[in-house]
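Structure below is data07.csv: CSV, C-alpha atoms.
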```csv
chain,number,residue,atom,x,y,z
F,4,MET,CA,0.5,13.9,29.3
F,5,ASN,CA,4.3,13.9,29.2
F,6,CYS,CA,6.8,12.3,26.9
F,7,PRO,CA,8.1,9.1,28.6
F,8,GLY,CA,11.5,9.8,27.1
F,9,CYS,CA,12.2,13.5,27.8
F,10,ASP,CA,9.2,14.6,29.9
F,11,ALA,CA,8.1,17.3,27.4
F,12,THR,CA,4.4,18.1,27.4
F,13,LEU,CA,2.5,16.2,24.7
F,14,ARG,CA,-0.6,17.8,23.4
F,15,LEU,CA,-3.0,15.2,22.1
F,16,PRO,CA,-5.9,16.1,19.8
F,17,GLU,CA,-9.3,15.9,21.3
F,18,ASP,CA,-10.3,13.1,19.0
F,19,ALA,CA,-7.1,11.1,19.7
F,20,ALA,CA,-7.9,7.4,19.5
F,21,PRO,CA,-5.9,4.2,20.4
F,22,GLY,CA,-3.7,3.2,17.5
F,23,GLU,CA,-2.8,6.7,16.5
F,24,LEU,CA,0.7,8.0,16.6
F,25,VAL,CA,1.9,11.1,18.5
F,26,ALA,CA,5.4,12.6,18.1
F,27,CYS,CA,7.2,14.4,20.9
F,28,PRO,CA,7.9,18.0,19.7
F,29,ASP,CA,11.1,18.1,21.8
F,30,CYS,CA,12.9,14.8,21.3
F,31,GLY,CA,11.1,13.5,18.2
F,32,ALA,CA,10.2,10.1,19.7
F,33,ASP,CA,7.1,8.5,18.3
F,34,TYR,CA,4.5,7.0,20.6
F,35,GLU,CA,1.3,5.0,19.9
F,36,ILE,CA,-1.8,5.9,21.9
F,37,GLU,CA,-3.2,2.9,23.7
F,38,LYS,CA,-6.1,2.1,25.9
F,39,ASN,CA,-5.1,2.2,29.6
F,40,GLY,CA,-8.1,1.2,31.8
F,41,SER,CA,-10.7,3.8,31.2
F,42,GLY,CA,-8.2,6.3,29.9
F,43,ILE,CA,-5.4,6.4,27.4
F,44,GLY,CA,-1.6,5.8,27.7
F,45,LEU,CA,1.4,5.8,25.5
F,46,LYS,CA,3.6,3.0,24.2
F,47,LYS,CA,6.7,3.2,22.0
F,48,ALA,CA,5.6,3.1,18.4
F,49,GLU,CA,6.7,0.2,16.1
F,50,ARG,CA,9.6,0.9,13.8
F,51,VAL,CA,8.8,1.2,10.2
F,52,GLY,CA,9.0,-2.3,8.6
F,53,GLU,CA,10.1,-3.3,5.2
F,54,ASP,CA,6.6,-4.5,4.4
F,55,TRP,CA,4.9,-1.2,5.4
F,56,GLY,CA,3.0,0.9,3.0
F,57,GLU,CA,0.1,0.5,0.6
W,1,MET,CA,-27.8,-1.7,10.4
W,2,SER,CA,-24.6,-3.7,9.7
W,3,ARG,CA,-21.4,-4.1,11.6
W,4,ILE,CA,-18.4,-3.1,9.5
W,5,CYS,CA,-15.0,-3.7,11.0
W,6,ILE,CA,-12.2,-1.3,10.1
W,7,ALA,CA,-9.1,-3.3,10.8
W,8,PHE,CA,-5.8,-1.4,11.3
W,9,ASP,CA,-2.4,-1.6,12.9
W,10,ARG,CA,-1.8,2.1,12.9
W,11,LEU,CA,-4.8,4.5,13.0
W,12,ARG,CA,-4.5,7.0,10.2
W,13,SER,CA,-6.9,9.6,8.9
W,14,GLU,CA,-8.0,7.2,6.2
W,15,GLU,CA,-9.3,4.8,8.8
W,16,LYS,CA,-11.1,7.6,10.6
W,17,MET,CA,-12.7,8.7,7.4
W,18,LEU,CA,-13.9,5.2,6.7
W,19,GLN,CA,-15.4,5.1,10.2
W,20,SER,CA,-17.2,8.4,9.8
W,21,GLU,CA,-18.7,7.3,6.5
W,22,ALA,CA,-19.9,4.0,7.9
W,23,VAL,CA,-21.6,5.8,10.8
W,24,ALA,CA,-23.1,8.4,8.5
W,25,LEU,CA,-24.6,5.6,6.4
W,26,GLY,CA,-26.3,4.3,9.6
W,27,HIS,CA,-24.0,1.4,10.3
W,28,GLU,CA,-21.8,0.4,13.3
W,29,ALA,CA,-18.1,0.8,12.7
W,30,VAL,CA,-15.9,-1.4,14.9
W,31,MET,CA,-12.4,-0.1,15.0
W,32,THR,CA,-10.1,-3.1,15.5
W,33,ASP,CA,-6.3,-2.9,16.1
W,34,VAL,CA,-5.1,-6.1,14.6
W,35,LYS,CA,-2.0,-6.1,16.9
W,36,GLY,CA,-4.4,-7.0,19.7
W,37,VAL,CA,-6.5,-9.6,18.0
W,38,ARG,CA,-6.7,-13.0,19.6
W,39,ALA,CA,-7.2,-15.6,16.9
W,40,ASP,CA,-7.3,-19.4,17.1
W,41,THR,CA,-8.4,-22.4,15.2
W,42,GLY,CA,-11.6,-22.6,17.4
W,43,CYS,CA,-12.9,-19.3,16.2
W,44,ARG,CA,-15.8,-19.0,13.9
W,45,GLY,CA,-17.2,-16.0,12.1
W,46,ALA,CA,-20.1,-15.6,14.4
W,47,ASP,CA,-17.7,-15.1,17.3
W,48,LEU,CA,-16.3,-12.0,15.7
W,49,GLY,CA,-19.7,-10.5,15.0
W,50,PHE,CA,-18.7,-8.5,11.9
W,51,ASP,CA,-20.7,-8.5,8.7
W,52,VAL,CA,-17.7,-7.4,6.6
W,53,VAL,CA,-14.2,-6.2,7.2
W,54,LEU,CA,-12.1,-3.5,5.6
W,55,GLU,CA,-8.5,-4.6,6.1
W,56,ARG,CA,-6.3,-1.5,6.4
W,57,CYS,CA,-3.0,-2.7,8.0
W,58,ILE,CA,0.1,-0.7,7.2
W,59,SER,CA,2.1,-3.9,7.5
W,60,TYR,CA,1.6,-6.0,4.5
W,61,PHE,CA,2.3,-9.3,6.1
W,62,ARG,CA,0.3,-8.6,9.2
W,63,GLY,CA,-2.7,-7.6,7.0
W,64,LEU,CA,-2.3,-10.7,4.8
W,65,HIS,CA,-2.2,-13.1,7.7
W,66,PHE,CA,-5.2,-11.4,9.4
W,67,THR,CA,-7.0,-11.6,6.1
W,68,SER,CA,-6.3,-15.4,5.8
W,69,PHE,CA,-7.8,-15.8,9.3
W,70,LEU,CA,-10.9,-13.8,8.4
W,71,GLU,CA,-11.4,-16.0,5.3
W,72,PHE,CA,-10.8,-19.1,7.5
W,73,VAL,CA,-13.7,-18.1,9.8
W,74,GLY,CA,-15.9,-17.1,6.9
W,75,VAL,CA,-16.1,-13.3,7.3
W,76,PRO,CA,-16.0,-11.3,4.0
W,77,VAL,CA,-12.9,-9.1,3.9
W,78,PHE,CA,-11.6,-6.5,1.5
W,79,ASN,CA,-9.3,-7.0,-0.1
W,80,THR,CA,-9.4,-10.7,-0.3
W,81,PHE,CA,-6.4,-12.9,0.5
W,82,GLU,CA,-5.9,-13.6,-3.2
W,83,VAL,CA,-5.9,-9.9,-4.1
W,84,ALA,CA,-3.7,-8.9,-1.2
W,85,SER,CA,-1.2,-11.6,-2.1
W,86,ASN,CA,-1.2,-10.6,-5.8
W,87,CYS,CA,-0.6,-7.0,-5.1
W,88,GLY,CA,1.8,-7.3,-2.2
W,89,ASN,CA,4.5,-8.8,-4.4
W,90,LYS,CA,5.5,-6.8,-7.4
W,91,MET,CA,6.6,-9.8,-9.3
W,92,PHE,CA,3.3,-11.6,-8.9
W,93,MET,CA,1.4,-8.4,-9.8
W,94,THR,CA,3.5,-7.6,-12.9
W,95,MET,CA,3.0,-11.1,-14.2
W,96,LEU,CA,-0.7,-10.8,-13.8
W,97,LEU,CA,-0.8,-7.5,-15.6
W,98,GLU,CA,1.1,-8.9,-18.5
W,99,LYS,CA,-0.9,-12.1,-18.5
W,100,HIS,CA,-4.2,-10.1,-18.8
W,101,GLY,CA,-2.9,-7.9,-21.5
W,102,VAL,CA,-2.6,-4.8,-19.4
W,103,PRO,CA,0.3,-2.6,-20.9
W,104,THR,CA,3.1,-2.7,-18.3
W,105,PRO,CA,6.8,-1.9,-18.5
W,106,ARG,CA,9.0,-4.8,-19.5
W,107,THR,CA,10.4,-6.4,-16.4
W,108,PHE,CA,13.2,-8.9,-15.8
W,109,PHE,CA,13.3,-11.3,-12.9
W,110,SER,CA,16.5,-12.9,-11.5
W,111,PHE,CA,16.9,-15.2,-8.6
W,112,SER,CA,20.5,-14.5,-7.6
W,113,LYS,CA,22.9,-11.6,-7.7
W,114,ASP,CA,25.0,-13.1,-10.4
W,115,ALA,CA,22.0,-13.7,-12.7
W,116,ALA,CA,20.8,-10.2,-12.0
W,117,LEU,CA,24.2,-8.7,-12.9
W,118,GLU,CA,24.5,-10.8,-16.0
W,119,ARG,CA,21.0,-9.7,-17.1
W,120,ILE,CA,21.4,-6.0,-16.6
W,121,GLU,CA,24.8,-6.1,-18.3
W,122,GLY,CA,23.2,-7.9,-21.2
W,123,GLU,CA,20.1,-5.7,-21.5
W,124,GLY,CA,22.0,-2.5,-20.9
W,125,TYR,CA,21.5,0.4,-18.6
W,126,PRO,CA,19.4,2.1,-17.3
W,127,LEU,CA,16.9,-0.2,-15.6
W,128,VAL,CA,14.9,0.4,-12.4
W,129,ILE,CA,15.5,-2.0,-9.5
W,130,LYS,CA,12.6,-2.5,-7.1
W,131,PRO,CA,12.2,-4.8,-4.0
W,132,VAL,CA,9.4,-7.3,-4.7
W,133,VAL,CA,7.9,-6.5,-1.3
W,134,GLY,CA,7.8,-2.9,-0.1
W,135,SER,CA,6.1,0.4,-0.6
W,136,TRP,CA,6.4,4.2,-0.5
W,137,GLY,CA,9.3,4.0,-3.0
W,138,ARG,CA,11.7,2.3,-0.6
W,139,GLY,CA,14.5,0.6,-2.4
W,140,VAL,CA,13.3,1.8,-5.8
W,141,VAL,CA,16.4,3.0,-7.6
W,142,PRO,CA,17.2,3.8,-11.2
W,143,VAL,CA,20.3,1.9,-12.1
W,144,ARG,CA,22.2,3.8,-14.7
W,145,ASP,CA,25.6,2.1,-14.5
W,146,ARG,CA,27.6,-0.8,-13.2
W,147,ASP,CA,28.7,1.0,-10.0
W,148,THR,CA,25.2,1.6,-8.9
W,149,MET,CA,24.2,-2.0,-9.6
W,150,ASP,CA,27.2,-3.2,-7.6
W,151,ALA,CA,26.1,-1.0,-4.7
W,152,MET,CA,22.6,-2.3,-4.8
W,153,ILE,CA,23.8,-5.9,-4.8
W,154,GLU,CA,26.1,-5.2,-1.9
W,155,MET,CA,23.3,-3.6,0.1
W,156,ARG,CA,21.0,-6.5,-0.6
W,157,GLU,CA,23.7,-9.1,0.3
W,158,LEU,CA,24.0,-7.5,3.7
W,159,SER,CA,20.3,-7.8,4.3
W,160,ASP,CA,18.7,-10.9,6.0
W,161,THR,CA,15.5,-10.4,4.0
W,162,PRO,CA,14.7,-13.4,1.8
W,163,HIS,CA,13.0,-11.1,-0.7
W,164,ASP,CA,16.2,-9.3,-1.3
W,165,ARG,CA,17.5,-12.4,-3.1
W,166,ILE,CA,14.9,-11.9,-5.8
W,167,TYR,CA,15.8,-9.3,-8.3
W,168,TYR,CA,13.1,-7.3,-10.1
W,169,LEU,CA,14.5,-5.1,-12.8
W,170,GLN,CA,12.2,-2.9,-14.9
W,171,GLU,CA,12.8,-0.8,-18.0
W,172,LEU,CA,13.1,2.9,-17.2
W,173,VAL,CA,10.0,4.4,-18.9
W,174,CYS,CA,10.4,7.6,-20.8
W,175,ARG,CA,7.7,9.7,-19.1
W,176,PRO,CA,7.0,13.3,-17.9
W,177,PRO,CA,8.1,13.8,-14.3
W,178,ARG,CA,4.8,12.5,-12.9
W,179,ASP,CA,2.6,9.4,-12.7
W,180,ILE,CA,-1.1,8.9,-12.2
W,181,ARG,CA,-2.7,7.2,-9.2
W,182,VAL,CA,-6.2,6.0,-9.8
W,183,ILE,CA,-8.4,4.6,-7.0
W,184,THR,CA,-10.7,1.8,-8.1
W,185,VAL,CA,-13.6,0.4,-6.1
W,186,GLY,CA,-15.2,-2.7,-7.4
W,187,GLY,CA,-13.4,-2.3,-10.7
W,188,SER,CA,-14.6,1.3,-11.3
W,189,ALA,CA,-12.3,4.3,-11.1
W,190,VAL,CA,-13.6,6.7,-8.5
W,191,ALA,CA,-10.8,9.3,-8.3
W,192,ALA,CA,-7.4,10.1,-9.8
W,193,MET,CA,-4.5,12.4,-9.2
W,194,TYR,CA,-1.2,13.3,-10.8
W,195,ARG,CA,1.8,12.7,-8.5
W,196,LYS,CA,4.6,15.0,-9.6
W,197,SER,CA,8.2,14.4,-8.6
W,198,SER,CA,10.0,17.4,-7.3
W,199,GLY,CA,13.6,18.7,-7.6
W,200,GLY,CA,14.5,16.5,-10.5
W,201,ARG,CA,13.9,13.4,-8.4
W,202,PHE,CA,12.9,10.1,-10.0
W,203,LYS,CA,10.3,9.0,-7.5
W,204,THR,CA,6.7,10.2,-7.4
W,205,ASN,CA,5.5,8.8,-4.1
W,206,ILE,CA,3.3,11.2,-2.1
W,207,ALA,CA,4.9,9.6,1.0
W,208,LEU,CA,8.2,11.1,-0.2
W,209,GLY,CA,6.8,14.6,-0.8
W,210,ALA,CA,5.6,14.4,-4.4
W,211,ASP,CA,3.0,17.1,-5.2
W,212,PRO,CA,-0.6,15.7,-5.8
W,213,GLU,CA,-2.8,17.4,-8.4
W,214,SER,CA,-6.3,16.4,-9.4
W,215,CYS,CA,-6.5,14.4,-12.6
W,216,GLU,CA,-9.6,13.9,-14.8
W,217,ILE,CA,-10.6,10.3,-15.3
W,218,THR,CA,-10.5,10.1,-19.0
W,219,PRO,CA,-12.1,7.1,-20.8
W,220,GLU,CA,-8.6,5.7,-21.4
W,221,ILE,CA,-7.5,6.1,-17.7
W,222,GLY,CA,-10.8,4.6,-16.5
W,223,GLU,CA,-10.7,1.7,-18.8
W,224,LEU,CA,-7.1,0.9,-18.1
W,225,ALA,CA,-7.6,1.1,-14.4
W,226,ALA,CA,-10.6,-1.2,-14.6
W,227,ARG,CA,-8.5,-3.8,-16.6
W,228,ALA,CA,-5.7,-3.6,-14.1
W,229,SER,CA,-8.1,-4.1,-11.2
W,230,GLU,CA,-9.6,-7.1,-12.9
W,231,ALA,CA,-6.2,-8.6,-13.6
W,232,VAL,CA,-5.3,-8.7,-9.9
W,233,GLY,CA,-8.8,-9.8,-8.7
W,234,GLY,CA,-10.7,-6.6,-8.1
W,235,GLY,CA,-11.7,-5.0,-4.8
W,236,ILE,CA,-10.4,-1.6,-3.5
W,237,LEU,CA,-7.1,-0.7,-5.2
W,238,GLY,CA,-4.7,2.1,-6.1
W,239,VAL,CA,-3.6,1.7,-9.7
W,240,ASP,CA,-0.5,3.5,-10.7
W,241,MET,CA,0.2,4.3,-14.4
W,242,MET,CA,2.7,6.3,-16.4
W,243,GLU,CA,2.4,8.2,-19.7
W,244,ASP,CA,5.0,6.4,-21.8
W,245,GLN,CA,6.1,8.7,-24.6
W,246,SER,CA,6.0,6.0,-27.2
W,247,ARG,CA,3.4,3.5,-26.1
W,248,GLY,CA,0.9,5.6,-24.2
W,249,MET,CA,-0.3,4.6,-20.7
W,250,VAL,CA,1.4,1.8,-19.0
W,251,VAL,CA,0.4,0.4,-15.5
W,252,HIS,CA,3.4,-0.2,-13.3
W,253,GLU,CA,1.8,-0.9,-9.9
W,254,VAL,CA,-1.5,-1.9,-8.2
W,255,ASN,CA,-1.7,-1.2,-4.5
W,256,ASN,CA,-3.7,-3.3,-2.0
W,257,THR,CA,-4.4,-1.0,1.0
W,258,VAL,CA,-4.5,2.3,-0.9
W,259,GLU,CA,-3.9,5.5,0.9
W,260,PHE,CA,-6.2,8.4,-0.1
W,261,LYS,CA,-5.9,11.2,2.5
W,262,GLY,CA,-4.6,13.7,0.0
W,263,LEU,CA,-6.8,12.7,-2.9
W,264,ALA,CA,-9.9,12.7,-0.7
W,265,ARG,CA,-9.5,16.5,-0.2
W,266,VAL,CA,-9.7,17.3,-4.0
W,267,ALA,CA,-11.7,14.4,-5.4
W,268,LYS,CA,-15.3,15.0,-6.7
W,269,GLN,CA,-16.4,11.6,-5.5
W,270,ASN,CA,-16.5,10.7,-1.8
W,271,ILE,CA,-13.8,8.0,-1.8
W,272,PRO,CA,-14.2,6.5,1.7
W,273,ARG,CA,-18.0,6.4,1.2
W,274,ALA,CA,-17.5,4.5,-2.1
W,275,MET,CA,-15.2,2.0,-0.2
W,276,VAL,CA,-17.7,1.5,2.6
W,277,GLU,CA,-20.7,1.1,0.3
W,278,PHE,CA,-18.7,-1.4,-1.8
W,279,ALA,CA,-17.7,-3.5,1.3
W,280,LEU,CA,-21.3,-3.4,2.7
W,281,SER,CA,-22.7,-4.6,-0.6
W,282,HIS,CA,-20.7,-7.9,0.0
W,283,ARG,CA,-21.6,-8.3,3.7
W,284,ARG,CA,-22.7,-11.6,5.1
```

How does the structure come out when it is put into structure tokens?
Amino acid sequence: MNCPGCDATLRLPEDAAPGELVACPDCGADYEIEKNGSGIGLKKAERVGEDWGE
Amino acid sequence: MSRICIAFDRLRSEEKMLQSEAVALGHEAVMTDVKGVRADTGCRGADLGFDVVLERCISYFRGLHFTSFLEFVGVPVFNTFEVASNCGNKMFMTMLLEKHGVPTPRTFFSFSKDAALERIEGEGYPLVIKPVVGSWGRGVVPVRDRDTMDAMIEMRELSDTPHDRIYYLQELVCRPPRDIRVITVGGSAVAAMYRKSSGGRFKTNIALGADPESCEITPEIGELAARASEAVGGGILGVDMMEDQSRGMVVHEVNNTVEFKGLARVAKQNIPRAMVEFALSHRR
């Protein structure tokens, strides 16, 4: 799978699941793994919100 | 076998640990991304098919509103709306701690910038300013002089966030460069760690790089954590306390969706298992 922004190769862990984040090692962009039919895809991760945390 | 829902909006290792423990205990764990949930007034608990829900959203408001929906349809959820609401706002939480006799730092509340400035000038520096909603130490600043207070007010005036018009100013506790995080489940302390600030920094948040170190749950720590848990309504919580050099332990925060990735590695007790077992003991 490639980074939608810079086309670098993204290595996803074997147990990667929808909702997890993956960061591009080249451009640093964050993506969220999402279900895409029977496989998985990437969408731009949400920005950290003021109400995020514990 | 029960169906336990692990509700999240960003899947972290904590949610995966909860899933693994639920499965290991012989139950079905349904991983639910709240961002994709379709909710409406026609829904009923049976439509969801969950026996109990662990609400683990990283966004406080998203989690709070999802929790209100779960309670509306009659599905048990941890933490409850009341507890999430109490802990999600530092002013509400601090007042509950004080009301229940839990030692907590003296805190001043102001509802405008002018009143906040007048108060801090009257009480004297330093005080710690904290946003009433927020986590990971964001916006928590020791205010040691008028210039810093002016800067904080200017930053808040530029923000569109209504909560920034509420000023929460707390005494700066004289403590060693660490605090203690205690995880409580059903009112009992299950694990604790010291969080040490590094490089002379004020903050001790693990999210900011503080060093975690295992901490023994002494009778004093366990009892104080239990009282803090009871004050906000119980459930699954992260109680933060400091070692005040004159008064002993004081509780300064109780967290609603506690993170435990680092602590789980060194804790004697299985933290996610304790959380899952507690939730399942309250299933429908």

Excluding Leu48 in chain W and any residue of its chain fewer than 3 positions from it, enumerate the residues within 10 Å of it, using all atoms listed in the file, and give them as a PyMOL selection string.
chain W and resi 5+39+43-45+51+70+73+75

Nearest to chain W by atom-to-atom distance, counting all atoms listed in the file, from F:Gly44, F:Gly56, F:Gly8, F:Pro28
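For chain W, the nearest of the candidates is F:Gly56.
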
What's around range 29-36 of chain F at 6 Å? Count all atoms listed in the file, leave out sequence neighbours fewer than 4 positions away in its own chain, and write the answer as a VMD selection string.
chain F and resid 21 to 25 44 to 48

Selection export as a PDB file, in the coordinates of the input, atoms kept: C-alpha atoms:
```
ATOM      1  CA  PRO F  21      -5.900   4.200  20.400  1.00  0.00           C
ATOM      2  CA  GLY F  22      -3.700   3.200  17.500  1.00  0.00           C
ATOM      3  CA  GLU F  23      -2.800   6.700  16.500  1.00  0.00           C
ATOM      4  CA  LEU F  24       0.700   8.000  16.600  1.00  0.00           C
ATOM      5  CA  VAL F  25       1.900  11.100  18.500  1.00  0.00           C
ATOM      6  CA  GLY F  44      -1.600   5.800  27.700  1.00  0.00           C
ATOM      7  CA  LEU F  45       1.400   5.800  25.500  1.00  0.00           C
ATOM      8  CA  LYS F  46       3.600   3.000  24.200  1.00  0.00           C
ATOM      9  CA  LYS F  47       6.700   3.200  22.000  1.00  0.00           C
ATOM     10  CA  ALA F  48       5.600   3.100  18.400  1.00  0.00           C
TER      11      ALA F  48
END
```

Using all atoms listed in the file, which residues of chain W come within 7 Å of chain F, and what is the closest atom pair for each, with the distance in Å to one decimal? Give it as JSON lines, sorted by chain and residue number.
```
{"residue": "W:Asp9", "atom": "CA", "partner": "F:Gly22", "partner_atom": "CA", "distance": 6.8}
{"residue": "W:Arg10", "atom": "CA", "partner": "F:Gly22", "partner_atom": "CA", "distance": 5.1}
{"residue": "W:Leu11", "atom": "CA", "partner": "F:Glu23", "partner_atom": "CA", "distance": 4.6}
{"residue": "W:Arg12", "atom": "CA", "partner": "F:Glu23", "partner_atom": "CA", "distance": 6.5}
{"residue": "W:Asp33", "atom": "CA", "partner": "F:Gly22", "partner_atom": "CA", "distance": 6.8}
{"residue": "W:Ile58", "atom": "CA", "partner": "F:Trp55", "partner_atom": "CA", "distance": 5.2}
{"residue": "W:Ser59", "atom": "CA", "partner": "F:Trp55", "partner_atom": "CA", "distance": 4.4}
{"residue": "W:Tyr60", "atom": "CA", "partner": "F:Asp54", "partner_atom": "CA", "distance": 5.2}
{"residue": "W:Phe61", "atom": "CA", "partner": "F:Asp54", "partner_atom": "CA", "distance": 6.7}
{"residue": "W:Val133", "atom": "CA", "partner": "F:Asp54", "partner_atom": "CA", "distance": 6.2}
{"residue": "W:Gly134", "atom": "CA", "partner": "F:Asp54", "partner_atom": "CA", "distance": 4.9}
{"residue": "W:Ser135", "atom": "CA", "partner": "F:Gly56", "partner_atom": "CA", "distance": 4.8}
{"residue": "W:Trp136", "atom": "CA", "partner": "F:Gly56", "partner_atom": "CA", "distance": 5.9}
{"residue": "W:Asn255", "atom": "CA", "partner": "F:Glu57", "partner_atom": "CA", "distance": 5.7}
{"residue": "W:Asn256", "atom": "CA", "partner": "F:Glu57", "partner_atom": "CA", "distance": 6.0}
{"residue": "W:Thr257", "atom": "CA", "partner": "F:Glu57", "partner_atom": "CA", "distance": 4.8}
{"residue": "W:Val258", "atom": "CA", "partner": "F:Glu57", "partner_atom": "CA", "distance": 5.2}
{"residue": "W:Glu259", "atom": "CA", "partner": "F:Glu57", "partner_atom": "CA", "distance": 6.4}
```

Skip Arg273 in chain W itself and residues of its chain fewer than 4 positions away, then list as a PyMOL selection string all residues within 10 Å of it, counting all atoms listed in the file.
chain W and resi 17-22+24-25+269+277-279

Close residues, range 217-221 of chain W itself excluded, 12 Å, only C-alpha atoms, min 6 positions apart in chain, as a list in words
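Everything that qualifies: Asp179, Ile180, Arg181, Val182, Ile183, Thr184, Ser188, Ala189, Val190, Ala191, Ala192, Met193, Tyr194, Arg227, Ala228, Val239, Asp240, Met241, Met242, Glu243, Gly248, Met249, Val250, Val251, Ala267, Lys268 and Gln269 of chain W.
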
Extract, using all atoms listed in the file, all DNA, RNA and protein residues at most 7 Å from Phe108 in chain W, discarding same-chain residues fewer than 4 positions from it, and format them as a ChimeraX atom specification.
/W:168-170

Please produce a file of those selected residues containing C-alpha atoms, as a compact mmCIF listing (two decimals), in the coordinates of the input.
```txt
# COMPACT_ATOMS: atom_id res chain seq x y z
CA TYR W 168 13.10 -7.30 -10.10
CA LEU W 169 14.50 -5.10 -12.80
CA GLN W 170 12.20 -2.90 -14.90
```

CA of Arg201 in chain W and CA of Arg175 in chain W are how many Å apart?
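Atom-to-atom, CA of Arg201 in chain W and CA of Arg175 in chain W are spaced 12.9 Å apart.
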
What is the CA of Ala274 in chain W to CA of Gly63 in chain W distance in Å?
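Pair CA of Ala274 in chain W / CA of Gly63 in chain W returns 21.2 Å.
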
Starting from the point (-10.0, -10.4, 3.3), work out which residues of protein, DNA or RNA have an atom no more than 10 Å away when counting all atoms listed in the file; state them as a list of chain:residue names.
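The answer, in the requested form, is W:Val52, W:Val53, W:Leu54, W:Glu55, W:Gly63, W:Leu64, W:His65, W:Phe66, W:Thr67, W:Ser68, W:Phe69, W:Leu70, W:Glu71, W:Phe72, W:Gly74, W:Val75, W:Pro76, W:Val77, W:Phe78, W:Asn79, W:Thr80, W:Phe81, W:Glu82, W:Val83, W:Ala84, W:Gly235.
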
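As for CA of Asn39 in chain F and CA of Arg14 in chain F, they are spaced 17.4 Å apart.
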
Which residue of W:Val34, W:Thr204, W:Ile4, W:Tyr167 approaches Phe50 in chain W most closely, using only C-alpha atoms
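Comparing W:Val34, W:Thr204, W:Ile4, W:Tyr167 against Phe50 in chain W, the winner is W:Ile4.
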
Tell me which residues come within 7 Å of (-3.7, 7.2, 5.4), as a ChimeraX atom specification, counting only C-alpha atoms in the file's coordinates.
/W:12-15,259-261

How would the residues just chosen look if you wrote them out with C-alpha atoms as a PDB file, in the coordinates of the input?
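Generated output (result.pdb):
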```pdb
ATOM      1  CA  ARG W  12      -4.500   7.000  10.200  1.00  0.00           C
ATOM      2  CA  SER W  13      -6.900   9.600   8.900  1.00  0.00           C
ATOM      3  CA  GLU W  14      -8.000   7.200   6.200  1.00  0.00           C
ATOM      4  CA  GLU W  15      -9.300   4.800   8.800  1.00  0.00           C
ATOM      5  CA  GLU W 259      -3.900   5.500   0.900  1.00  0.00           C
ATOM      6  CA  PHE W 260      -6.200   8.400  -0.100  1.00  0.00           C
ATOM      7  CA  LYS W 261      -5.900  11.200   2.500  1.00  0.00           C
TER       8      LYS W 261
END
```

Minimum-distance residue to Lys203 in chain W, chosen among W:Arg265, W:Arg247, W:His252, W:Arg138 (using only C-alpha atoms):
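Among the listed residues, the smallest separation from Lys203 in chain W belongs to W:Arg138.
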